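Novice: Here it is: the structure, laid out below.
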Amino acid sequence: SETPSEEFDVIVVGGGPAGSTVASAVALRGHRVLLLDQQTFPRYQIGESLLPSTVHGVCRILGVEDEVARAGFKLKRGGTFRWGRNRDPWQFSFALSPRLSDPTSFAYQVERNRFDAILLDNARRVGVDVREGCRVSDVVADEERVRGVRWTGPEGGSREARARYVVDASGNTSRIHTHVGGKRTYSDFFRNIAVFGYVAGGRRLPKPNDGNIFCATFDEGWIWYIPLRDELTSVGAVVSREHAAAVQGDPTAAWRRLIDSCPEIRDLVDGAPQAGEAPYDEVRVRKDWSYWKTRLWRPGMVLVGDAACFVDPVLSSGVHLATYGSLLAARAINSTLDGTLDEARCFGEFEARYRHEYGLFYEFLMSFYDLHQDERSYFWKARKVTNVGATELESFVELVGGLASGDTALAAPAEAGARLTAASSDLDRVVGRLPDSDGHRNPLYESAAFRQTFHEGSVLQERGLLGGPLEEEAPLRPGGLVTSEDGLGWAVTAP
Ligand code: FAD
């Protein structure tokens, strides 16, 4: 017989960056949250290069910014690319964004086992009931709503827990995301395979760019080079699916061969041996196809992080989308639980903003993979896609800094509310520029709900460019909601 069901306000499935973020942001408003993860932390995960929006935006709101700063992760001031028609490397610095003031114009390169554990411990500290080694097998639902989950703890035996909301933050291997909007839709365009490992040592770019991510293209794809510590570097090759068989046979041999065939990376690795310490002593292979869902919520359930969507990793957007999407979900949950706003309206705002942010990266990345262009053309494209930034280079930096949404909570406190340079894109112009016939069209822009979204962007941008400080955040779409003062909920615009 079953143990009686426990009751919570919210149940979060998964304790990665997405799960910790949504759980903490809901607990900070005083709600009762249960978080279940099937693994025991610290646990390995890929996705080591972060963006400023996570470090100075989400982590600050969660109260964990200082602790992350004290962890001694490698400072990432920007990125360096040997990418596109230009044979010479080019680079960008986060400091080029006017929304990032001097002390916040950086992110970190993190060992995810440590970073994710810091966020999860912080969730505990703010009151989340975190249980590790607990696997969720299914959701409990009736026709009206999702009502809870079934799970199994380390001691075995199926149990049930109930809540007003179930959040699926269980990552790319989620077993329960199908309860919202059915199957995933896979991109025709981004269907790559990644093979990644670690070297003990390796050269560094000259200061102050020694913490930059370095990405270089070569015949078979591209390779990332991410400095994690003086004596530890993450090196991963992303190749198209035609190379899958070669990579899966003997991953370590394939990884070495790929590094050797990319001169810029081979020079940086400079003969450094493969790392010997766990969990870095293994070469791993992962399919990194991009995917999304036609819906991101239904009554009683919401999807965040890789459970919801994934886009090609070259711009390091994964943890940003996971943590920002989770913050948006927490705002919807908090405002519904408080009874201040209607569920559909709160979650509609979550979904529209999340899709928009995902869509920006997706659309930009389609052009970024056109290697016949040079960096100027990429910057131009960033400006076209985002409609933010005073210059094309600035637009690019806002996008790859995770700041293109214009969400004031993601910028440094000194800037938040004081200046609004960022605004969302004009949908019709974005859609108009996308080729219809070549099968690469961004399907997110095709949803009816999304079509009504964001055509206020240009108005907002004009207000921003005129330089007038906005006393209040304006909605990002007609009839849309704005962020509450604490960043943890939605509010209706002042009449
Ligand atoms: P995860 O971090 O995967 O966490 C999900 C958690 O759910 C896990 O802890 C798991 O144990 C738990 N779980 C799963 N199933 C269950 C269950 N049934 N019950 C209970 N718990 C469960 N992102 C970046 O930001 N920067 C990068 O440089 C970067 N590089 C990448 C390179 C590659 C090759 C790939 C594939 C991805 C990369 N990413 C990168 C993306 C990044 O890995 C993900 O976007 C990010 O880890 C998503 O976080 P999450 O919290 O959604 O999921």
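Letters for chains follow the order of the structure tokens (A, B, ...), residue numbers begin at 1 for each chain, and ligand numbers begin at 1 in the order shown.
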Any idea what's packed within 9 Å of Ile11 (chain A), counting only C-alpha atoms, ignoring anything in its chain fewer than 3 positions away? Could you give it as number ranges by chain?
Specialist: A: 8, 23, 32-36, 148-149, 161-168
Novice: If you keep all heavy atoms, can you produce a file of those selected residues as a compact mmCIF listing (two decimals), in the first residue's frame?
Specialist:
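Result went into result11.txt, see below:
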# COMPACT_ATOMS: atom_id res chain seq x y z
N PHE A 8 2.06 20.11 -1.45
CA PHE A 8 2.92 21.30 -1.58
C PHE A 8 2.22 22.34 -2.45
O PHE A 8 1.21 22.03 -3.09
CB PHE A 8 4.26 20.91 -2.23
CG PHE A 8 5.07 19.97 -1.37
CD1 PHE A 8 4.88 18.60 -1.47
CD2 PHE A 8 5.99 20.46 -0.45
CE1 PHE A 8 5.60 17.72 -0.67
CE2 PHE A 8 6.72 19.60 0.36
CZ PHE A 8 6.52 18.21 0.24
N ALA A 23 12.52 26.87 -8.21
CA ALA A 23 12.19 26.48 -6.84
C ALA A 23 12.52 27.60 -5.86
O ALA A 23 11.70 27.97 -5.00
CB ALA A 23 12.93 25.20 -6.47
N ARG A 32 5.41 26.78 -0.36
CA ARG A 32 6.01 25.49 0.01
C ARG A 32 6.40 24.74 -1.26
O ARG A 32 5.56 24.41 -2.07
CB ARG A 32 5.02 24.65 0.81
CG ARG A 32 4.74 25.20 2.22
CD ARG A 32 3.52 24.51 2.80
NE ARG A 32 2.43 24.57 1.81
CZ ARG A 32 1.52 23.61 1.64
NH1 ARG A 32 1.54 22.52 2.37
NH2 ARG A 32 0.56 23.75 0.73
N VAL A 33 7.69 24.47 -1.40
CA VAL A 33 8.21 23.86 -2.63
C VAL A 33 8.95 22.57 -2.33
O VAL A 33 9.81 22.52 -1.45
CB VAL A 33 9.19 24.82 -3.36
CG1 VAL A 33 9.60 24.24 -4.71
CG2 VAL A 33 8.57 26.20 -3.54
N LEU A 34 8.62 21.52 -3.08
CA LEU A 34 9.36 20.26 -3.04
C LEU A 34 10.16 20.15 -4.33
O LEU A 34 9.61 20.34 -5.42
CB LEU A 34 8.39 19.08 -2.94
CG LEU A 34 9.01 17.67 -3.09
CD1 LEU A 34 9.92 17.34 -1.92
CD2 LEU A 34 7.92 16.61 -3.25
N LEU A 35 11.48 19.86 -4.22
CA LEU A 35 12.30 19.63 -5.42
C LEU A 35 12.87 18.22 -5.36
O LEU A 35 13.49 17.84 -4.36
CB LEU A 35 13.42 20.67 -5.51
CG LEU A 35 14.30 20.62 -6.78
CD1 LEU A 35 14.89 22.00 -7.10
CD2 LEU A 35 15.44 19.60 -6.68
N LEU A 36 12.64 17.45 -6.42
CA LEU A 36 13.12 16.07 -6.49
C LEU A 36 14.14 15.94 -7.61
O LEU A 36 13.88 16.35 -8.74
CB LEU A 36 11.95 15.12 -6.77
CG LEU A 36 10.78 15.16 -5.78
CD1 LEU A 36 9.58 14.41 -6.34
CD2 LEU A 36 11.20 14.57 -4.44
N GLY A 148 -0.05 16.56 -9.51
CA GLY A 148 1.08 16.11 -8.70
C GLY A 148 1.96 15.15 -9.48
O GLY A 148 1.89 15.09 -10.71
N VAL A 149 2.83 14.42 -8.75
CA VAL A 149 3.75 13.48 -9.40
C VAL A 149 3.79 12.16 -8.63
O VAL A 149 3.44 12.09 -7.45
CB VAL A 149 5.20 14.04 -9.45
CG1 VAL A 149 5.26 15.33 -10.27
CG2 VAL A 149 5.79 14.26 -8.05
N ALA A 161 3.02 12.83 -4.56
CA ALA A 161 3.00 14.15 -3.93
C ALA A 161 2.11 15.03 -4.79
O ALA A 161 2.10 14.90 -6.01
CB ALA A 161 4.41 14.72 -3.83
N ARG A 162 1.38 15.91 -4.13
CA ARG A 162 0.44 16.77 -4.86
C ARG A 162 0.78 18.25 -4.69
O ARG A 162 1.35 18.63 -3.66
CB ARG A 162 -0.99 16.50 -4.38
CG ARG A 162 -1.44 15.12 -4.80
CD ARG A 162 -2.91 14.89 -4.52
NE ARG A 162 -3.33 13.69 -5.24
CZ ARG A 162 -4.23 13.67 -6.22
NH1 ARG A 162 -4.84 14.78 -6.59
NH2 ARG A 162 -4.55 12.55 -6.80
N ALA A 163 0.42 19.04 -5.69
CA ALA A 163 0.73 20.48 -5.63
C ALA A 163 -0.15 21.24 -6.61
O ALA A 163 -0.75 20.64 -7.51
CB ALA A 163 2.20 20.72 -5.97
N ARG A 164 -0.21 22.55 -6.43
CA ARG A 164 -0.95 23.39 -7.40
C ARG A 164 -0.22 23.41 -8.75
O ARG A 164 -0.83 23.48 -9.79
CB ARG A 164 -1.05 24.82 -6.87
CG ARG A 164 -1.86 24.98 -5.59
CD ARG A 164 -3.35 25.13 -5.90
NE ARG A 164 -3.64 26.31 -6.74
CZ ARG A 164 -3.72 27.56 -6.29
NH1 ARG A 164 -3.54 27.82 -5.00
NH2 ARG A 164 -3.99 28.55 -7.12
N TYR A 165 1.13 23.33 -8.68
CA TYR A 165 1.91 23.31 -9.92
C TYR A 165 3.02 22.28 -9.89
O TYR A 165 3.70 22.14 -8.88
CB TYR A 165 2.54 24.69 -10.20
CG TYR A 165 1.49 25.68 -10.59
CD1 TYR A 165 0.99 26.58 -9.66
CD2 TYR A 165 0.95 25.65 -11.87
CE1 TYR A 165 -0.03 27.45 -9.99
CE2 TYR A 165 -0.07 26.52 -12.22
CZ TYR A 165 -0.55 27.40 -11.27
OH TYR A 165 -1.56 28.25 -11.62
N VAL A 166 3.20 21.60 -11.01
CA VAL A 166 4.35 20.74 -11.23
C VAL A 166 5.22 21.43 -12.28
O VAL A 166 4.72 21.83 -13.34
CB VAL A 166 3.92 19.35 -11.73
CG1 VAL A 166 5.13 18.53 -12.16
CG2 VAL A 166 3.13 18.62 -10.65
N VAL A 167 6.50 21.59 -11.96
CA VAL A 167 7.42 22.19 -12.92
C VAL A 167 8.33 21.10 -13.45
O VAL A 167 9.02 20.43 -12.66
CB VAL A 167 8.28 23.29 -12.26
CG1 VAL A 167 9.21 23.93 -13.30
CG2 VAL A 167 7.42 24.33 -11.59
N ASP A 168 8.35 20.90 -14.76
CA ASP A 168 9.30 19.96 -15.33
C ASP A 168 10.59 20.69 -15.65
O ASP A 168 10.66 21.47 -16.60
CB ASP A 168 8.74 19.29 -16.58
CG ASP A 168 9.72 18.25 -17.15
OD1 ASP A 168 10.72 17.94 -16.45
OD2 ASP A 168 9.48 17.76 -18.27
Novice: Using only C-alpha atoms and all ligand atoms, which protein or nucleic acid residues are at most 7 Å from ligand 1, as an MDAnalysis selection string?
Specialist: chainID A and resid 13:19 36:39 45:50 134:137 169:175 194 286:288 304:307 310 313 316:320 322
Novice: Counting only C-alpha atoms, what are the residues of region 51-88 of chain A within 10 Å of region 226-235 of chain A, and for each of them which pair of atoms is the nearest and at what distance in Å, to one decimal? Sort the table by chain and rising number, as CSV.
Specialist:
residue,atom,partner,partner_atom,distance
A:Gly72,CA,A:Arg229,CA,9.1
A:Phe73,CA,A:Leu228,CA,7.1
A:Lys74,CA,A:Leu228,CA,5.9
A:Leu75,CA,A:Leu228,CA,9.1
A:Lys76,CA,A:Pro227,CA,9.0
A:Gly79,CA,A:Ile226,CA,9.9
Novice: Write a file of the just-selected residues containing C-alpha atoms, as an mmCIF file, in the first residue's frame.
Specialist:
data_model
loop_
_atom_site.group_PDB
_atom_site.id
_atom_site.type_symbol
_atom_site.label_atom_id
_atom_site.label_comp_id
_atom_site.auth_asym_id
_atom_site.auth_seq_id
_atom_site.Cartn_x
_atom_site.Cartn_y
_atom_site.Cartn_z
ATOM 1 C CA GLY A 72 36.647 31.200 -7.664
ATOM 2 C CA PHE A 73 35.320 30.337 -11.111
ATOM 3 C CA LYS A 74 37.284 31.589 -14.096
ATOM 4 C CA LEU A 75 36.207 35.098 -15.114
ATOM 5 C CA LYS A 76 34.793 35.223 -18.651
ATOM 6 C CA GLY A 79 34.364 35.390 -26.488
#
Novice: Out of A:Leu119, A:Leu321, A:Val110, A:Ser326, which residue has the shortest atom-to-atom distance to Val12 (chain A) when counting only C-alpha atoms?
Specialist: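 Distance minimum relative to Val12 (chain A) lands on A:Ser326.
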Novice: What parts of region 87-188 of chain A does DSSP call strand (DSSP E)? I'd like the answer as a ChimeraX atom specification.
Specialist: /A:90-93,107-109,129-132,135-141,146-152,158-168,185-186
Novice: Looking only at alpha helix (DSSP H) from DSSP on the backbone, list the matching residues of region 184-408 of chain A as a PyMOL selection string.
Specialist: chain A and resi 244-249+251-260+263-269+318-337+343-368+375-386+392-400
Novice: Could you tell me which of A:Arg331, A:Ser97, A:Ala390, A:Asn192 comes closest to Asp486 (chain A) if we count only C-alpha atoms?
Specialist: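 The closest residue to Asp486 (chain A) is A:Arg331.
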Novice: From the set A:Thr493, A:Ser5, A:Gln91, A:Ser377, which residue has the shortest atom-to-atom contact distance to Ile213 (chain A), counting only C-alpha atoms?
Specialist: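 Of all the options, A:Gln91 lies closest to Ile213 (chain A).
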